[in-house]
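entry03.csv (CSV, C-alpha atoms and all ligand atoms) appears below.
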chain,number,residue,atom,x,y,z
A,1,MET,CA,-3.4,129.4,-131.6
A,2,LEU,CA,-2.1,131.6,-128.9
A,3,THR,CA,0.9,133.8,-129.4
A,4,ILE,CA,2.6,135.8,-126.7
A,5,VAL,CA,5.1,138.4,-127.8
A,6,CYS,CA,7.4,141.0,-126.2
A,7,GLY,CA,5.6,144.3,-126.1
A,8,HIS,CA,8.8,146.2,-126.8
A,9,CYS,CA,10.2,144.4,-129.8
A,10,GLY,CA,7.6,141.8,-130.9
A,11,TYR,CA,9.9,138.8,-130.1
A,12,VAL,CA,7.7,135.7,-129.9
A,13,LEU,CA,8.0,134.3,-126.4
A,14,TYR,CA,5.4,131.6,-126.7
A,15,GLU,CA,3.4,130.1,-129.5
A,16,GLY,CA,1.1,127.2,-129.3
A,17,ASN,CA,-2.3,125.9,-128.5
A,18,GLU,CA,-1.8,125.5,-124.8
A,19,LEU,CA,-3.2,128.2,-122.6
A,20,LYS,CA,-0.2,129.6,-120.6
A,21,MET,CA,0.0,131.8,-117.6
A,22,LEU,CA,1.9,135.0,-118.5
A,23,ASN,CA,3.9,134.8,-115.3
A,24,GLU,CA,5.0,131.3,-116.2
A,25,VAL,CA,6.1,132.4,-119.7
A,26,VAL,CA,8.1,135.4,-118.4
A,27,ARG,CA,9.7,133.2,-115.7
A,28,GLU,CA,11.0,130.8,-118.4
A,29,TYR,CA,12.9,133.8,-119.8
A,30,ALA,CA,14.0,135.0,-116.3
A,31,ASN,CA,11.8,138.0,-116.8
A,32,VAL,CA,14.1,139.4,-119.6
A,33,CYS,CA,13.4,139.5,-123.3
A,34,PRO,CA,16.2,137.5,-125.0
A,35,LYS,CA,16.1,139.8,-128.0
A,36,CYS,CA,15.8,143.4,-126.7
A,37,GLY,CA,17.0,142.7,-123.2
A,38,LYS,CA,14.1,144.6,-121.6
A,39,THR,CA,12.4,143.4,-118.4
A,40,LEU,CA,9.3,141.4,-119.0
A,41,LYS,CA,6.4,141.7,-116.6
A,42,PRO,CA,3.2,139.7,-116.9
A,43,SER,CA,1.2,142.8,-117.8
A,44,ALA,CA,-0.5,144.2,-120.9
A,45,GLN,CA,2.1,146.9,-121.2
A,46,ASN,CA,5.0,144.5,-121.4
A,47,ILE,CA,3.6,141.6,-123.2
A,48,ARG,CA,1.1,141.3,-126.1
A,49,ILE,CA,-1.2,138.3,-126.5
A,50,LEU,CA,-2.3,137.5,-130.0
A,51,ARG,CA,-5.1,135.1,-130.7
A,52,GLY,CA,-5.7,133.6,-134.1
A,53,LYS,CA,-6.3,130.3,-135.9
A,101,ZN,ZN,11.8,142.3,-126.6
What's the structure tokens form of this structure?
Ligand SMILES: [Zn+2]
Amino acid sequence: MLTIVCGHCGYVLYEGNELKMLNEVVREYANVCPKCGKTLKPSAQNIRILRGK
């Protein structure tokens, strides 16, 4: 399971088993977090990737 969350507020941007490109995920949200309204960039400072089972 792959979870990609907003690095600012923890909003779950993507959750699933498919490996996704970060820039694809942020583009789906027009580079803005729908919860906190901050700009999302496909980088470790802006987005957190959690891996688990
Ligand atoms: Zn956010």
Within 8 Å of (4.0, 142.9, -124.6) in the file's own coordinates, which protein, DNA or RNA residues have an atom, counting all atoms listed in the file? List them as an mmCIF file with C-alpha atoms, keeping the file's coordinate frame.
data_model
loop_
_atom_site.group_PDB
_atom_site.id
_atom_site.type_symbol
_atom_site.label_atom_id
_atom_site.label_comp_id
_atom_site.auth_asym_id
_atom_site.auth_seq_id
_atom_site.Cartn_x
_atom_site.Cartn_y
_atom_site.Cartn_z
ATOM 1 C CA ILE A 4 2.600 135.800 -126.700
ATOM 2 C CA VAL A 5 5.100 138.400 -127.800
ATOM 3 C CA CYS A 6 7.400 141.000 -126.200
ATOM 4 C CA GLY A 7 5.600 144.300 -126.100
ATOM 5 C CA HIS A 8 8.800 146.200 -126.800
ATOM 6 C CA GLY A 10 7.600 141.800 -130.900
ATOM 7 C CA LEU A 40 9.300 141.400 -119.000
ATOM 8 C CA SER A 43 1.200 142.800 -117.800
ATOM 9 C CA ALA A 44 -0.500 144.200 -120.900
ATOM 10 C CA GLN A 45 2.100 146.900 -121.200
ATOM 11 C CA ASN A 46 5.000 144.500 -121.400
ATOM 12 C CA ILE A 47 3.600 141.600 -123.200
ATOM 13 C CA ARG A 48 1.100 141.300 -126.100
ATOM 14 C CA ILE A 49 -1.200 138.300 -126.500
#
>> Please return as a PyMOL selection string the residues found within 6 Å of ligand ZN 101 (chain A), counting only C-alpha atoms and all ligand atoms.
In response: chain A and resi 6+8-9+11+33+35-36+38
Output file for the selection above: C-alpha atoms, as an mmCIF file, in the coordinates of the input:
data_model
loop_
_atom_site.group_PDB
_atom_site.id
_atom_site.type_symbol
_atom_site.label_atom_id
_atom_site.label_comp_id
_atom_site.auth_asym_id
_atom_site.auth_seq_id
_atom_site.Cartn_x
_atom_site.Cartn_y
_atom_site.Cartn_z
ATOM 1 C CA CYS A 6 7.400 141.000 -126.200
ATOM 2 C CA HIS A 8 8.800 146.200 -126.800
ATOM 3 C CA CYS A 9 10.200 144.400 -129.800
ATOM 4 C CA TYR A 11 9.900 138.800 -130.100
ATOM 5 C CA CYS A 33 13.400 139.500 -123.300
ATOM 6 C CA LYS A 35 16.100 139.800 -128.000
ATOM 7 C CA CYS A 36 15.800 143.400 -126.700
ATOM 8 C CA LYS A 38 14.100 144.600 -121.600
#
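Closest approach to Thr39 in chain A among A:Arg51, A:Val12, A:Thr3, A:Val26: A:Val26, based on all atoms listed in the file.
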Give me the residues near Gly16 in chain A as a JSON list (two decimals) with C-alpha atoms, keeping the file's coordinate frame, where near means some atom within 9 Å (using all atoms listed in the file) and where sequence neighbours in that chain fewer than 2 positions away do not count.
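So out_34.json came out as:
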[["chain", "number", "residue", "atom", "x", "y", "z"],
["A", 1, "MET", "CA", -3.40, 129.40, -131.60],
["A", 2, "LEU", "CA", -2.10, 131.60, -128.90],
["A", 3, "THR", "CA", 0.90, 133.80, -129.40],
["A", 14, "TYR", "CA", 5.40, 131.60, -126.70],
["A", 18, "GLU", "CA", -1.80, 125.50, -124.80],
["A", 19, "LEU", "CA", -3.20, 128.20, -122.60]]
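CA of Gly37 in chain A is found 19.6 Å from CA of Glu15 in chain A.
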